[in-house]
>>> print(open('entry.cif').read())   # mmCIF, N, CA and C atoms
data_start
loop_
_atom_site.label_atom_id
_atom_site.label_comp_id
_atom_site.auth_asym_id
_atom_site.auth_seq_id
_atom_site.Cartn_x
_atom_site.Cartn_y
_atom_site.Cartn_z
N LEU A 1 -54.74 14.58 -19.90
CA LEU A 1 -54.92 14.19 -18.52
C LEU A 1 -56.33 13.70 -18.25
N ALA A 2 -57.24 13.92 -19.15
CA ALA A 2 -58.62 13.51 -18.93
C ALA A 2 -58.80 12.01 -19.18
N GLY A 3 -57.88 11.40 -19.92
CA GLY A 3 -57.99 9.99 -20.25
C GLY A 3 -57.52 9.10 -19.12
N PRO A 4 -57.52 7.79 -19.38
CA PRO A 4 -57.15 6.83 -18.33
C PRO A 4 -55.65 6.81 -17.99
N GLY A 5 -54.81 7.37 -18.85
CA GLY A 5 -53.37 7.36 -18.58
C GLY A 5 -52.73 6.03 -18.92
N LEU A 6 -51.54 5.81 -18.42
CA LEU A 6 -50.79 4.59 -18.70
C LEU A 6 -51.08 3.54 -17.64
N ASP A 7 -51.14 2.29 -18.08
CA ASP A 7 -51.28 1.23 -17.08
C ASP A 7 -49.88 0.81 -16.62
N LEU A 8 -49.82 -0.10 -15.68
CA LEU A 8 -48.54 -0.49 -15.08
C LEU A 8 -47.56 -1.05 -16.11
N ASN A 9 -48.05 -1.86 -17.05
CA ASN A 9 -47.17 -2.42 -18.08
C ASN A 9 -46.59 -1.33 -18.97
N GLU A 10 -47.40 -0.34 -19.33
CA GLU A 10 -46.92 0.74 -20.17
C GLU A 10 -45.90 1.60 -19.43
N ILE A 11 -46.12 1.82 -18.14
CA ILE A 11 -45.15 2.56 -17.34
C ILE A 11 -43.83 1.81 -17.27
N ALA A 12 -43.90 0.48 -17.13
CA ALA A 12 -42.69 -0.33 -17.10
C ALA A 12 -41.93 -0.24 -18.42
N ILE A 13 -42.65 -0.19 -19.53
CA ILE A 13 -42.01 -0.07 -20.84
C ILE A 13 -41.32 1.28 -20.97
N VAL A 14 -41.98 2.34 -20.54
CA VAL A 14 -41.38 3.68 -20.60
C VAL A 14 -40.13 3.72 -19.71
N ALA A 15 -40.20 3.13 -18.53
CA ALA A 15 -39.04 3.12 -17.62
C ALA A 15 -37.89 2.34 -18.25
N ALA A 16 -38.19 1.19 -18.86
CA ALA A 16 -37.14 0.39 -19.50
C ALA A 16 -36.50 1.15 -20.67
N LEU A 17 -37.32 1.85 -21.44
CA LEU A 17 -36.78 2.65 -22.54
C LEU A 17 -35.88 3.77 -22.03
N PHE A 18 -36.32 4.44 -20.98
CA PHE A 18 -35.53 5.51 -20.40
C PHE A 18 -34.19 4.97 -19.92
N ARG A 19 -34.21 3.84 -19.22
CA ARG A 19 -32.97 3.23 -18.73
C ARG A 19 -32.06 2.86 -19.90
N HIS A 20 -32.64 2.31 -20.96
CA HIS A 20 -31.85 1.95 -22.14
C HIS A 20 -31.15 3.18 -22.72
N PHE A 21 -31.88 4.30 -22.84
CA PHE A 21 -31.29 5.51 -23.39
C PHE A 21 -30.21 6.08 -22.49
N VAL A 22 -30.40 5.99 -21.18
CA VAL A 22 -29.36 6.44 -20.24
C VAL A 22 -28.11 5.59 -20.40
N HIS A 23 -28.29 4.27 -20.52
CA HIS A 23 -27.14 3.38 -20.71
C HIS A 23 -26.45 3.64 -22.04
N GLN A 24 -27.24 3.91 -23.07
CA GLN A 24 -26.66 4.21 -24.38
C GLN A 24 -25.82 5.48 -24.31
N GLU A 25 -26.32 6.50 -23.63
CA GLU A 25 -25.56 7.74 -23.48
C GLU A 25 -24.29 7.51 -22.66
N ALA A 26 -24.39 6.69 -21.60
CA ALA A 26 -23.21 6.37 -20.79
C ALA A 26 -22.16 5.66 -21.63
N SER A 27 -22.58 4.74 -22.48
CA SER A 27 -21.63 4.04 -23.35
C SER A 27 -20.95 5.01 -24.31
N GLU A 28 -21.69 5.95 -24.84
CA GLU A 28 -21.10 6.95 -25.74
C GLU A 28 -20.10 7.84 -25.00
N MET A 29 -20.44 8.24 -23.77
CA MET A 29 -19.51 9.04 -22.97
C MET A 29 -18.23 8.25 -22.70
N LEU A 30 -18.38 6.98 -22.31
CA LEU A 30 -17.21 6.15 -22.05
C LEU A 30 -16.40 5.94 -23.31
N ARG A 31 -17.07 5.78 -24.45
CA ARG A 31 -16.37 5.61 -25.73
C ARG A 31 -15.48 6.84 -26.00
N LYS A 32 -15.99 8.02 -25.70
CA LYS A 32 -15.21 9.25 -25.90
C LYS A 32 -14.03 9.29 -24.93
N VAL A 33 -14.24 8.86 -23.69
CA VAL A 33 -13.14 8.80 -22.72
C VAL A 33 -12.06 7.86 -23.24
N TYR A 34 -12.46 6.70 -23.74
CA TYR A 34 -11.50 5.76 -24.31
C TYR A 34 -10.73 6.41 -25.46
N SER A 35 -11.44 7.14 -26.30
CA SER A 35 -10.79 7.79 -27.43
C SER A 35 -9.78 8.83 -26.94
N LEU A 36 -10.18 9.66 -25.98
CA LEU A 36 -9.26 10.68 -25.46
C LEU A 36 -8.03 10.06 -24.81
N ARG A 37 -8.19 8.90 -24.21
CA ARG A 37 -7.07 8.25 -23.53
C ARG A 37 -6.29 7.32 -24.47
N GLY A 38 -6.73 7.20 -25.72
CA GLY A 38 -6.02 6.37 -26.69
C GLY A 38 -6.17 4.88 -26.42
N LEU A 39 -7.29 4.48 -25.84
CA LEU A 39 -7.51 3.07 -25.51
C LEU A 39 -8.31 2.39 -26.62
N PRO A 40 -8.03 1.13 -26.89
CA PRO A 40 -8.77 0.42 -27.95
C PRO A 40 -10.17 0.02 -27.47
N LEU A 41 -11.12 0.04 -28.41
CA LEU A 41 -12.47 -0.42 -28.09
C LEU A 41 -12.59 -1.92 -28.24
N VAL A 42 -11.70 -2.50 -29.02
CA VAL A 42 -11.72 -3.94 -29.27
C VAL A 42 -10.50 -4.56 -28.62
N GLY A 43 -10.69 -5.68 -27.98
CA GLY A 43 -9.59 -6.33 -27.28
C GLY A 43 -9.47 -5.78 -25.87
N GLY A 44 -8.54 -6.28 -25.16
CA GLY A 44 -8.39 -5.89 -23.76
C GLY A 44 -7.48 -4.70 -23.56
N THR A 45 -7.59 -4.14 -22.37
CA THR A 45 -6.75 -3.02 -21.94
C THR A 45 -6.27 -3.34 -20.54
N ALA A 46 -5.11 -2.86 -20.17
CA ALA A 46 -4.61 -3.09 -18.82
C ALA A 46 -5.66 -2.64 -17.80
N ALA A 47 -5.83 -3.42 -16.76
CA ALA A 47 -6.88 -3.14 -15.78
C ALA A 47 -6.75 -1.74 -15.18
N ASN A 48 -5.52 -1.29 -14.92
CA ASN A 48 -5.36 0.05 -14.34
C ASN A 48 -5.78 1.14 -15.32
N GLU A 49 -5.55 0.94 -16.61
CA GLU A 49 -5.99 1.91 -17.64
C GLU A 49 -7.51 1.94 -17.71
N THR A 50 -8.12 0.77 -17.63
CA THR A 50 -9.58 0.70 -17.66
C THR A 50 -10.15 1.38 -16.43
N GLU A 51 -9.53 1.16 -15.29
CA GLU A 51 -9.98 1.79 -14.05
C GLU A 51 -9.94 3.31 -14.16
N ILE A 52 -8.86 3.86 -14.69
CA ILE A 52 -8.74 5.31 -14.85
C ILE A 52 -9.82 5.82 -15.82
N ALA A 53 -10.06 5.09 -16.90
CA ALA A 53 -11.07 5.50 -17.87
C ALA A 53 -12.46 5.52 -17.23
N VAL A 54 -12.78 4.50 -16.45
CA VAL A 54 -14.10 4.46 -15.81
C VAL A 54 -14.22 5.56 -14.76
N GLU A 55 -13.15 5.82 -14.02
CA GLU A 55 -13.18 6.91 -13.05
C GLU A 55 -13.32 8.26 -13.74
N ALA A 56 -12.67 8.44 -14.90
CA ALA A 56 -12.81 9.68 -15.66
C ALA A 56 -14.25 9.82 -16.16
N PHE A 57 -14.84 8.72 -16.62
CA PHE A 57 -16.24 8.74 -17.02
C PHE A 57 -17.13 9.16 -15.85
N ALA A 58 -16.92 8.54 -14.69
CA ALA A 58 -17.75 8.83 -13.52
C ALA A 58 -17.60 10.28 -13.08
N SER A 59 -16.37 10.81 -13.10
CA SER A 59 -16.17 12.20 -12.70
C SER A 59 -16.89 13.14 -13.67
N SER A 60 -16.84 12.84 -14.96
CA SER A 60 -17.56 13.64 -15.95
C SER A 60 -19.06 13.56 -15.71
N PHE A 61 -19.54 12.36 -15.44
CA PHE A 61 -20.97 12.14 -15.19
C PHE A 61 -21.43 12.95 -13.98
N ILE A 62 -20.67 12.88 -12.90
CA ILE A 62 -21.03 13.58 -11.66
C ILE A 62 -21.00 15.09 -11.86
N MET A 63 -19.98 15.57 -12.53
CA MET A 63 -19.80 17.02 -12.68
C MET A 63 -20.62 17.60 -13.83
N GLY A 64 -21.33 16.74 -14.55
CA GLY A 64 -22.16 17.22 -15.66
C GLY A 64 -21.36 17.67 -16.86
N ARG A 65 -20.18 17.10 -17.01
CA ARG A 65 -19.32 17.45 -18.15
C ARG A 65 -19.53 16.43 -19.27
N ARG A 66 -19.32 16.86 -20.49
CA ARG A 66 -19.47 16.00 -21.65
C ARG A 66 -18.09 15.67 -22.21
N PRO A 67 -17.64 14.43 -22.10
CA PRO A 67 -16.31 14.08 -22.64
C PRO A 67 -16.14 14.45 -24.11
N ALA A 68 -17.23 14.49 -24.86
CA ALA A 68 -17.13 14.83 -26.29
C ALA A 68 -16.63 16.25 -26.51
N THR A 69 -16.75 17.11 -25.49
CA THR A 69 -16.32 18.50 -25.63
C THR A 69 -15.05 18.79 -24.83
N MET A 70 -14.43 17.76 -24.29
CA MET A 70 -13.26 17.95 -23.42
C MET A 70 -11.97 17.52 -24.11
N THR A 71 -10.88 18.03 -23.59
CA THR A 71 -9.57 17.56 -24.00
C THR A 71 -9.11 16.52 -22.97
N ARG A 72 -8.10 15.76 -23.34
CA ARG A 72 -7.55 14.78 -22.40
C ARG A 72 -7.02 15.49 -21.15
N SER A 73 -6.40 16.63 -21.33
CA SER A 73 -5.84 17.39 -20.21
C SER A 73 -6.94 17.86 -19.26
N ALA A 74 -8.02 18.39 -19.81
CA ALA A 74 -9.13 18.85 -18.97
C ALA A 74 -9.77 17.69 -18.21
N MET A 75 -9.87 16.56 -18.88
CA MET A 75 -10.45 15.39 -18.22
C MET A 75 -9.55 14.94 -17.07
N GLY A 76 -8.24 14.93 -17.29
CA GLY A 76 -7.30 14.56 -16.24
C GLY A 76 -7.36 15.52 -15.07
N SER A 77 -7.47 16.81 -15.36
CA SER A 77 -7.57 17.82 -14.30
C SER A 77 -8.84 17.63 -13.49
N ASP A 78 -9.94 17.37 -14.19
CA ASP A 78 -11.20 17.12 -13.48
C ASP A 78 -11.08 15.92 -12.55
N LEU A 79 -10.48 14.85 -13.04
CA LEU A 79 -10.35 13.64 -12.23
C LEU A 79 -9.47 13.90 -11.01
N GLN A 80 -8.38 14.62 -11.20
CA GLN A 80 -7.50 14.92 -10.07
C GLN A 80 -8.16 15.83 -9.03
N SER A 81 -9.07 16.69 -9.47
CA SER A 81 -9.71 17.64 -8.54
C SER A 81 -10.95 17.07 -7.86
N MET A 82 -11.35 15.86 -8.20
CA MET A 82 -12.59 15.30 -7.65
C MET A 82 -12.63 15.26 -6.12
N PRO A 83 -11.55 14.87 -5.42
CA PRO A 83 -11.65 14.84 -3.95
C PRO A 83 -12.01 16.19 -3.34
N GLU A 84 -11.57 17.27 -3.97
CA GLU A 84 -11.90 18.61 -3.47
C GLU A 84 -13.26 19.09 -4.00
N ALA A 85 -13.52 18.83 -5.26
CA ALA A 85 -14.75 19.31 -5.89
C ALA A 85 -15.99 18.54 -5.44
N TYR A 86 -15.79 17.29 -5.07
CA TYR A 86 -16.91 16.41 -4.73
C TYR A 86 -16.52 15.59 -3.50
N PRO A 87 -16.89 16.06 -2.31
CA PRO A 87 -16.43 15.42 -1.07
C PRO A 87 -16.76 13.93 -0.95
N ALA A 88 -17.80 13.46 -1.61
CA ALA A 88 -18.15 12.03 -1.54
C ALA A 88 -17.34 11.19 -2.52
N TRP A 89 -16.39 11.80 -3.24
CA TRP A 89 -15.62 11.08 -4.25
C TRP A 89 -14.93 9.83 -3.70
N PRO A 90 -14.29 9.88 -2.54
CA PRO A 90 -13.64 8.66 -2.06
C PRO A 90 -14.61 7.47 -1.94
N PHE A 91 -15.82 7.73 -1.47
CA PHE A 91 -16.82 6.66 -1.37
C PHE A 91 -17.24 6.19 -2.76
N VAL A 92 -17.48 7.15 -3.67
CA VAL A 92 -17.87 6.80 -5.04
C VAL A 92 -16.74 6.03 -5.72
N ARG A 93 -15.50 6.50 -5.56
CA ARG A 93 -14.35 5.82 -6.18
C ARG A 93 -14.21 4.39 -5.65
N ASP A 94 -14.37 4.20 -4.34
CA ASP A 94 -14.31 2.85 -3.77
C ASP A 94 -15.43 1.97 -4.32
N SER A 95 -16.62 2.54 -4.44
CA SER A 95 -17.75 1.79 -5.00
C SER A 95 -17.48 1.43 -6.46
N LEU A 96 -16.90 2.36 -7.20
CA LEU A 96 -16.53 2.09 -8.59
C LEU A 96 -15.52 0.95 -8.68
N ARG A 97 -14.51 1.03 -7.84
CA ARG A 97 -13.46 0.00 -7.88
C ARG A 97 -14.01 -1.37 -7.52
N ASN A 98 -14.93 -1.42 -6.56
CA ASN A 98 -15.57 -2.70 -6.23
C ASN A 98 -16.39 -3.21 -7.41
N ALA A 99 -17.14 -2.33 -8.04
CA ALA A 99 -17.94 -2.73 -9.21
C ALA A 99 -17.03 -3.22 -10.33
N MET A 100 -15.90 -2.53 -10.54
CA MET A 100 -14.97 -2.94 -11.58
C MET A 100 -14.39 -4.32 -11.28
N ARG A 101 -13.99 -4.52 -10.04
CA ARG A 101 -13.43 -5.83 -9.67
C ARG A 101 -14.44 -6.94 -9.95
N GLU A 102 -15.69 -6.72 -9.56
CA GLU A 102 -16.73 -7.72 -9.79
C GLU A 102 -16.91 -7.99 -11.29
N GLN A 103 -17.00 -6.93 -12.08
CA GLN A 103 -17.19 -7.11 -13.52
C GLN A 103 -15.97 -7.76 -14.16
N PHE A 104 -14.78 -7.35 -13.76
CA PHE A 104 -13.57 -7.87 -14.37
C PHE A 104 -13.40 -9.35 -14.04
N GLU A 105 -13.79 -9.76 -12.85
CA GLU A 105 -13.67 -11.17 -12.47
C GLU A 105 -14.66 -12.03 -13.24
N GLU A 106 -15.82 -11.47 -13.55
CA GLU A 106 -16.85 -12.23 -14.25
C GLU A 106 -16.68 -12.21 -15.76
N ALA A 107 -15.91 -11.26 -16.27
CA ALA A 107 -15.83 -11.03 -17.71
C ALA A 107 -14.98 -12.08 -18.42
N PRO A 108 -15.52 -12.66 -19.48
CA PRO A 108 -14.72 -13.60 -20.28
C PRO A 108 -13.59 -12.89 -21.00
N ALA A 109 -13.64 -11.57 -21.09
CA ALA A 109 -12.59 -10.80 -21.78
C ALA A 109 -11.27 -10.86 -21.04
N MET A 110 -11.25 -11.37 -19.84
CA MET A 110 -10.01 -11.45 -19.07
C MET A 110 -9.20 -12.69 -19.42
N SER A 111 -9.52 -13.30 -20.53
CA SER A 111 -8.80 -14.51 -20.93
C SER A 111 -7.34 -14.20 -21.21
N ALA A 112 -6.55 -15.22 -21.24
CA ALA A 112 -5.11 -15.05 -21.46
C ALA A 112 -4.82 -14.45 -22.83
N ALA A 113 -5.75 -14.56 -23.76
CA ALA A 113 -5.53 -14.05 -25.11
C ALA A 113 -5.62 -12.53 -25.16
N ARG A 114 -6.13 -11.91 -24.10
CA ARG A 114 -6.29 -10.46 -24.08
C ARG A 114 -5.49 -9.87 -22.94
N LYS A 115 -5.22 -8.58 -23.03
CA LYS A 115 -4.44 -7.89 -21.99
C LYS A 115 -5.21 -7.69 -20.71
N GLY A 116 -6.51 -7.55 -20.79
CA GLY A 116 -7.33 -7.25 -19.61
C GLY A 116 -8.75 -7.00 -20.03
N PRO A 117 -9.48 -6.25 -19.21
CA PRO A 117 -10.90 -6.02 -19.50
C PRO A 117 -11.09 -5.26 -20.80
N ASP A 118 -12.17 -5.57 -21.52
CA ASP A 118 -12.45 -4.89 -22.76
C ASP A 118 -13.43 -3.74 -22.54
N PHE A 119 -13.70 -2.99 -23.59
CA PHE A 119 -14.59 -1.83 -23.50
C PHE A 119 -15.97 -2.22 -22.99
N PHE A 120 -16.49 -3.34 -23.44
CA PHE A 120 -17.86 -3.72 -23.08
C PHE A 120 -17.97 -4.08 -21.60
N THR A 121 -16.90 -4.59 -21.04
CA THR A 121 -16.87 -4.84 -19.60
C THR A 121 -16.87 -3.51 -18.85
N ALA A 122 -16.08 -2.57 -19.32
CA ALA A 122 -16.05 -1.23 -18.71
C ALA A 122 -17.40 -0.55 -18.87
N ALA A 123 -18.06 -0.76 -20.01
CA ALA A 123 -19.38 -0.15 -20.23
C ALA A 123 -20.41 -0.68 -19.24
N ARG A 124 -20.31 -1.94 -18.87
CA ARG A 124 -21.23 -2.48 -17.85
C ARG A 124 -21.03 -1.75 -16.52
N VAL A 125 -19.79 -1.40 -16.21
CA VAL A 125 -19.53 -0.63 -14.99
C VAL A 125 -20.12 0.77 -15.14
N ALA A 126 -19.97 1.39 -16.32
CA ALA A 126 -20.54 2.71 -16.56
C ALA A 126 -22.07 2.66 -16.40
N HIS A 127 -22.68 1.60 -16.86
CA HIS A 127 -24.13 1.45 -16.69
C HIS A 127 -24.48 1.34 -15.21
N GLN A 128 -23.64 0.65 -14.48
CA GLN A 128 -23.85 0.52 -13.04
C GLN A 128 -23.75 1.90 -12.37
N VAL A 129 -22.85 2.73 -12.85
CA VAL A 129 -22.73 4.10 -12.31
C VAL A 129 -24.06 4.82 -12.47
N THR A 130 -24.63 4.76 -13.68
CA THR A 130 -25.89 5.46 -13.91
C THR A 130 -27.02 4.87 -13.08
N ASP A 131 -26.98 3.58 -12.83
CA ASP A 131 -28.04 2.94 -12.04
C ASP A 131 -27.90 3.19 -10.55
N GLN A 132 -26.66 3.28 -10.05
CA GLN A 132 -26.44 3.30 -8.60
C GLN A 132 -25.92 4.63 -8.06
N MET A 133 -25.84 5.65 -8.89
CA MET A 133 -25.25 6.90 -8.42
C MET A 133 -26.02 7.46 -7.22
N GLY A 134 -27.32 7.31 -7.19
CA GLY A 134 -28.09 7.80 -6.05
C GLY A 134 -27.63 7.17 -4.75
N PHE A 135 -27.41 5.87 -4.77
CA PHE A 135 -26.93 5.17 -3.58
C PHE A 135 -25.52 5.63 -3.22
N TRP A 136 -24.68 5.78 -4.24
CA TRP A 136 -23.29 6.18 -4.01
C TRP A 136 -23.19 7.61 -3.50
N GLN A 137 -24.21 8.42 -3.75
CA GLN A 137 -24.20 9.81 -3.29
C GLN A 137 -24.78 9.98 -1.90
N GLN A 138 -25.30 8.93 -1.29
CA GLN A 138 -25.91 9.06 0.02
C GLN A 138 -25.00 9.72 1.07
N PRO A 139 -23.71 9.37 1.14
CA PRO A 139 -22.86 10.04 2.15
C PRO A 139 -22.83 11.56 1.96
N ALA A 140 -22.80 12.02 0.71
CA ALA A 140 -22.77 13.46 0.46
C ALA A 140 -24.09 14.10 0.86
N CYS A 141 -25.19 13.43 0.57
CA CYS A 141 -26.50 13.96 0.93
C CYS A 141 -26.67 14.00 2.44
N GLY A 142 -26.19 12.98 3.11
CA GLY A 142 -26.27 12.95 4.57
C GLY A 142 -25.50 14.09 5.19
N GLY A 143 -24.36 14.43 4.60
CA GLY A 143 -23.55 15.54 5.10
C GLY A 143 -24.26 16.87 4.92
N LEU A 144 -25.05 17.00 3.87
CA LEU A 144 -25.80 18.25 3.66
C LEU A 144 -26.92 18.41 4.68
N LYS A 145 -27.49 17.30 5.13
CA LYS A 145 -28.59 17.35 6.08
C LYS A 145 -28.13 17.69 7.48
N ASP A 146 -26.88 17.37 7.79
CA ASP A 146 -26.37 17.60 9.16
C ASP A 146 -26.12 19.06 9.45
#
>>> encode(input="entry.cif", output="structure tokens")
Amino acid sequence: LAGPGLDLNEIAIVAALFRHFVHQEASEMLRKVYSLRGLPLVGGTAANETEIAVEAFASSFIMGRRPATMTRSAMGSDLQSMPEAYPAWPFVRDSLRNAMREQFEEAPAMSAARKGPDFFTAARVAHQVTDQMGFWQQPACGGLKD
């Protein structure tokens, strides 16, 4: 602490590295969700299946659960209990679905040669979850303040 510390550029590098590692962890969590749900990592998946996988990822992320240690049944139970366990879930779920729609519309993976969005498109949504969860949690935080 006696030295000059980090300059602005070095702080930006540390922040970018941290964000990269968070995104990498999110991708690994989503990969495990895909595995538990029997979804392929290569090629497309039906949009509704991708939506469920991303919602399962988000519920695990919010609840601090690790998909690598869960069963498919436990993950499904967690997802079904989210409206009760996490009162802001409807807002988060709507935000997720909007993010998915935007990514799916922009994704080249939606070509006629594939069934639907691919894993990497879903991973971009998972990254968005990690980036925007604070904003998506605002309704829940506001309710605590009242």
>>> residues_around(input="entry.cif", residues="Ala68 of chain A", least_positions_apart="2", cutoff="6 Å", atoms="all atoms listed in the file", output="PyMOL selection string")
chain A and resi 32+66+70
>>> resolve_selection(input="entry.cif", expression="the PyMOL selection byres ((chain A and resi 72-75) around 8)", output="ChimeraX atom specification")
/A:35-37,56,60,67,69-71,76-81
>>> atom_distance(input="entry.cif", atom1="atom CA of Leu6 of chain A", atom2="atom CA of Gln132 of chain A")
26.4 Å
>>> closest_residue(input="entry.cif", among="A:His23, A:Val92, A:Gly116, A:Ala85", to="Ala47 of chain A", atoms="only N, CA and C atoms")
A:Gly116
>>> select_by_dssp(input="entry.cif", residues="segment 20-126 of chain A", states="alpha helix (DSSP H)", output="MDAnalysis selection string")
chainID A and resid 20:37 47:63 72:85 89:106 119:126
>>> decode(input="entry.cif", residues="segment 115-123 of chain A", atoms="all heavy atoms", output="tab-separated table (two decimals), in the first residue's frame")
chain	number	residue	atom	x	y	z
A	115	LYS	N	-31.57	-26.43	-36.24
A	115	LYS	CA	-32.88	-26.46	-35.59
A	115	LYS	C	-33.22	-25.16	-34.90
A	115	LYS	O	-34.38	-24.85	-34.72
A	115	LYS	CB	-32.89	-27.56	-34.54
A	115	LYS	CG	-32.88	-28.95	-35.04
A	115	LYS	CD	-33.17	-29.83	-33.85
A	115	LYS	CE	-32.46	-31.14	-33.90
A	115	LYS	NZ	-32.63	-31.90	-32.68
A	116	GLY	N	-32.24	-24.44	-34.41
A	116	GLY	CA	-32.48	-23.23	-33.64
A	116	GLY	C	-31.18	-22.70	-33.10
A	116	GLY	O	-30.12	-22.97	-33.65
A	117	PRO	N	-31.26	-21.95	-32.01
A	117	PRO	CA	-30.05	-21.33	-31.47
A	117	PRO	C	-29.05	-22.37	-30.99
A	117	PRO	O	-29.42	-23.44	-30.51
A	117	PRO	CB	-30.56	-20.50	-30.28
A	117	PRO	CG	-31.97	-20.85	-30.08
A	117	PRO	CD	-32.45	-21.63	-31.24
A	118	ASP	N	-27.76	-22.07	-31.15
A	118	ASP	CA	-26.72	-22.99	-30.71
A	118	ASP	C	-26.23	-22.62	-29.31
A	118	ASP	O	-26.65	-21.63	-28.73
A	118	ASP	CB	-25.57	-23.04	-31.72
A	118	ASP	CG	-24.85	-21.71	-31.88
A	118	ASP	OD1	-25.15	-20.75	-31.15
A	118	ASP	OD2	-23.96	-21.65	-32.74
A	119	PHE	N	-25.35	-23.44	-28.77
A	119	PHE	CA	-24.83	-23.23	-27.42
A	119	PHE	C	-24.17	-21.87	-27.28
A	119	PHE	O	-24.33	-21.19	-26.26
A	119	PHE	CB	-23.83	-24.34	-27.05
A	119	PHE	CG	-23.12	-24.08	-25.76
A	119	PHE	CD1	-23.75	-24.35	-24.55
A	119	PHE	CD2	-21.85	-23.55	-25.75
A	119	PHE	CE1	-23.11	-24.09	-23.35
A	119	PHE	CE2	-21.19	-23.29	-24.55
A	119	PHE	CZ	-21.83	-23.56	-23.35
A	120	PHE	N	-23.42	-21.45	-28.29
A	120	PHE	CA	-22.67	-20.19	-28.17
A	120	PHE	C	-23.60	-18.98	-28.14
A	120	PHE	O	-23.30	-17.98	-27.49
A	120	PHE	CB	-21.63	-20.11	-29.29
A	120	PHE	CG	-20.63	-21.23	-29.19
A	120	PHE	CD1	-20.72	-22.33	-30.02
A	120	PHE	CD2	-19.65	-21.22	-28.21
A	120	PHE	CE1	-19.83	-23.39	-29.89
A	120	PHE	CE2	-18.75	-22.27	-28.08
A	120	PHE	CZ	-18.85	-23.36	-28.92
A	121	THR	N	-24.73	-19.09	-28.79
A	121	THR	CA	-25.74	-18.03	-28.70
A	121	THR	C	-26.31	-18.00	-27.29
A	121	THR	O	-26.45	-16.93	-26.68
A	121	THR	CB	-26.86	-18.27	-29.73
A	121	THR	OG1	-26.28	-18.33	-31.04
A	121	THR	CG2	-27.89	-17.17	-29.68
A	122	ALA	N	-26.61	-19.16	-26.75
A	122	ALA	CA	-27.12	-19.23	-25.37
A	122	ALA	C	-26.06	-18.74	-24.38
A	122	ALA	O	-26.39	-18.08	-23.39
A	122	ALA	CB	-27.53	-20.66	-25.04
A	123	ALA	N	-24.79	-19.02	-24.65
A	123	ALA	CA	-23.72	-18.56	-23.76
A	123	ALA	C	-23.64	-17.04	-23.74
A	123	ALA	O	-23.36	-16.44	-22.69
A	123	ALA	CB	-22.38	-19.17	-24.19
